[in-house]
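**Student:** Sharing a structure, written as structure tokens. Questions coming.
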Amino acid sequence: MLYKPREDSHLLVKYVKRFASGRVLDIGTGSGIQAMAAAKLKRVKSVLAVDIQEEIVQHCMRHCRSEISSRKISFRQSDLFGNIAEDERFDTIIFNPPYLPEDASLKDITVEGGKKGYETLERFFDGMSSHLKPEGTAIIIFSSFTNKDKVDGFIADNLLEAKELDKRRIFFEELYVYMMKKSAFLKTLEKKGIKGIRRLTKGKRGLIFIGQSAKNRKKIAIKLQRKDIGARGTVDRESRILRLLNRKKIGPKILFSGKDFFAYEFVEGIFIPEFLEKAGKREIINILNDVFLQCRKLDMMRMNKEEMQHPYKHIVVCREGSKARAVLLDFERARKTGKPSNVTQFCQYVTSGKFRHLASGKIRIDEQRLRKIAAGYKKQQTDANFKKLLKIVAAQ
């Protein structure tokens with residue numbers, strides 16, 4: 001459905017006329033008002049206007065071109081960036097999104113932005129960086145009905161920086177005009193050949209982002225120091241520790257690092273609790289053996305990982321063909337110590353009620369005997385005492 005331009009369109013076009021330049025992409029062009037305004041600017045080289053609705057595209061092709069008599073504007077059917085080639089980059093991206101929450105009686109994609117009203121904007125931000133030039137800008141308008149905090153969160157999650165150009169109250173809603181650009185950190189990562197970067201999760205001391213290598217399409221994770229906490233330098237410290245551990249084939253492989261961040265190979269797999277529920281007896285024993293051997297290496301390096309007594313999100317089991325292997329994650333709290341306790345901490349987990357419940361009916365470890373041998377290992381961390389531990393685990 002095609003609507004005539006309203007207050008939001010007229011407010012946005014004011015800033016399109018002021019800031020649009022170079023190659024321009026107008027997402028969700030609708031009436032074509034933004035695309036036409038941009039095409040009339042001398043500093044604009046070309047305009048590509050797209051819309052999800054083919055009938056709107058056809059309307060614009062018939063009316064907009066003749067109105068401005070310009071060959072530098074073209075139209076295309078596309079759901080956001082879905083029909084934009086991977087190598088198409090723009091200096092300016094414009095978006096006046098549908099931002100109302102879904103209404104069962106309305107069902108109009110022209111004005112509805114998803115169940116909560118912000119889902120379309122979320123998808124826009126997830127794809128925007130891949131089509132914005134390093135020094136390019138994006139200009140958007142959205143409503144208070146969209147949930148401003150959510151929009152600000154999407155911007156941060158995609159490593160973008162935003163400036164509020166205008167705020168206008170129209171009846172029962174506030175309209176916000178934002179201009180966005182790529183953060184210096186995002187540009188650094190893209191220069192390293194990582195694309196499609198977005199936030200995955202937030203840790204106590206760091207933020208985890210995920211992206212894809214432009215060279216081989218493999219997933220890459222990036223850990224960035226949080227700036228909103230008192231602790232400083234924890235990510236740089238973890239990066240140094242992980243490089244040491246990589247020499248012993250422990251932890252995810254570090255690819256590169258910089259001030260307050262490091263990038264590493266993303267580990268595809270499942271956490272240890274889910275693995276214990278799904279795996280069979282022999283595979284569980286093999287993975288326990290693998291983890292114990294890595295814990296032993298850490299003990300010999302006098303490096304204490306911490307968290308191994310409750311390693312629910314510290315062990316990922318991944319598959320390489322038919323073979324499973326364990327990867328230890330998160331070395332934020334790792335430290336050098338004269339009395340490392342990685343093996344004994346993991347013994348605590350293996351003899352816990354939670355482990356027993358997850359591995360129920362598959363393996364039965366002699367917990368009392370394992371605790372006794374672990375106590376001996378704690379006093380004397382010798383190869384002989386460690387081998388006794390492995391024998392208990394293998395004795396099924």
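Residues in the structure tokens are numbered from 1 in each chain, the chains being A, B, ... in the order shown, and ligands are numbered from 1 in the order shown.
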Would you please give, as a ChimeraX atom specification, all residues of stretch 134-261 of chain A that DSSP assigns to strand (DSSP E) based on the backbone?

**Tutor:** /A:134-143,160-170,173-182,194-202,206-213,219-225,254-258,261

**Student:** Identify all residues of stretch 234-325 of chain A in helix (DSSP H, G or I) (DSSP on the backbone) and supply them as an mmCIF file with C-alpha atoms, in the first residue's frame.

**Tutor:**
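In the end it all went to out_8.cif:
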```
data_model
loop_
_atom_site.group_PDB
_atom_site.id
_atom_site.type_symbol
_atom_site.label_atom_id
_atom_site.label_comp_id
_atom_site.auth_asym_id
_atom_site.auth_seq_id
_atom_site.Cartn_x
_atom_site.Cartn_y
_atom_site.Cartn_z
ATOM 1 C CA THR A 234 41.384 -7.662 31.882
ATOM 2 C CA VAL A 235 40.889 -8.414 28.180
ATOM 3 C CA ASP A 236 44.514 -7.563 27.314
ATOM 4 C CA ARG A 237 45.641 -9.827 30.143
ATOM 5 C CA GLU A 238 43.403 -12.658 28.938
ATOM 6 C CA SER A 239 44.795 -12.233 25.425
ATOM 7 C CA ARG A 240 48.370 -12.679 26.674
ATOM 8 C CA ILE A 241 47.401 -15.749 28.703
ATOM 9 C CA LEU A 242 45.511 -17.313 25.807
ATOM 10 C CA ARG A 243 48.527 -16.935 23.513
ATOM 11 C CA LEU A 244 50.583 -18.911 26.032
ATOM 12 C CA LEU A 245 47.907 -21.587 26.317
ATOM 13 C CA ASN A 246 47.539 -21.889 22.540
ATOM 14 C CA ILE A 272 29.185 -29.620 28.609
ATOM 15 C CA PRO A 273 25.755 -30.047 30.321
ATOM 16 C CA GLU A 274 23.959 -30.549 27.001
ATOM 17 C CA PHE A 275 26.710 -32.868 25.820
ATOM 18 C CA LEU A 276 26.382 -35.078 28.901
ATOM 19 C CA GLU A 277 22.636 -35.384 28.318
ATOM 20 C CA LYS A 278 22.998 -36.349 24.661
ATOM 21 C CA LYS A 281 29.091 -43.702 27.586
ATOM 22 C CA ARG A 282 32.276 -44.018 25.511
ATOM 23 C CA GLU A 283 32.086 -40.462 24.195
ATOM 24 C CA ILE A 284 31.541 -39.044 27.690
ATOM 25 C CA ILE A 285 34.588 -40.899 28.996
ATOM 26 C CA ASN A 286 36.710 -39.626 26.088
ATOM 27 C CA ILE A 287 35.674 -36.013 26.702
ATOM 28 C CA LEU A 288 36.267 -36.270 30.460
ATOM 29 C CA ASN A 289 39.715 -37.651 29.705
ATOM 30 C CA ASP A 290 40.343 -34.774 27.266
ATOM 31 C CA VAL A 291 39.331 -32.134 29.837
ATOM 32 C CA PHE A 292 41.392 -33.737 32.601
ATOM 33 C CA LEU A 293 44.467 -33.778 30.331
ATOM 34 C CA GLN A 294 44.037 -30.066 29.579
ATOM 35 C CA CYS A 295 43.591 -29.353 33.290
ATOM 36 C CA ARG A 296 46.796 -31.264 33.965
ATOM 37 C CA LYS A 297 48.663 -29.116 31.426
ATOM 38 C CA LEU A 298 47.363 -26.004 33.171
ATOM 39 C CA ASP A 299 48.500 -27.321 36.543
ATOM 40 C CA MET A 300 51.965 -28.016 35.152
#
```

**Student:** Restricting the calculation to only C-alpha atoms, which member of A:His314, A:Lys218, A:Lys379, A:Lys181 is positioned closest to A:Leu159?

**Tutor:**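 Using only C-alpha atoms, the shortest distance to A:Leu159 belongs to A:Lys181.
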
**Student:** Skip A:Ser21 itself and residues of its chain fewer than 5 positions away, then list as number ranges by chain all residues within 10 Å of it, counting only C-alpha atoms.

**Tutor:** A: 16, 38-39, 41-47, 90-93, 136-137

**Student:** How about saving the chosen residues, C-alpha atoms kept, as a CSV table (one decimal), in the first residue's frame?

**Tutor:**
```csv
chain,number,residue,atom,x,y,z
A,16,VAL,CA,18.6,14.1,3.6
A,38,ALA,CA,18.8,13.0,-2.8
A,39,ALA,CA,18.9,12.7,-6.6
A,41,LEU,CA,21.6,17.2,-5.0
A,42,LYS,CA,24.8,17.9,-7.1
A,43,ARG,CA,27.0,16.2,-4.5
A,44,VAL,CA,25.0,12.9,-5.0
A,45,LYS,CA,26.4,10.7,-7.7
A,46,SER,CA,23.6,8.1,-7.9
A,47,VAL,CA,20.6,6.9,-6.0
A,90,PHE,CA,27.1,3.3,-0.4
A,91,ASP,CA,28.2,6.7,1.0
A,92,THR,CA,24.7,7.4,2.4
A,93,ILE,CA,22.0,5.0,3.5
A,136,GLY,CA,29.7,6.6,5.1
A,137,THR,CA,26.7,7.7,7.1
```

**Student:** Between A:Pro97, A:Gly258, A:Gly321, A:Pro252, which has the minimum distance to A:Tyr176 (counting only C-alpha atoms)?

**Tutor:**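 Looking at the shortest contact to A:Tyr176, the residue is A:Pro97.
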
**Student:** Report, in Å with one decimal, the straight-line distance from atom CA of A:Tyr118 to atom CA of A:Lys163.

**Tutor:** 19.0 Å
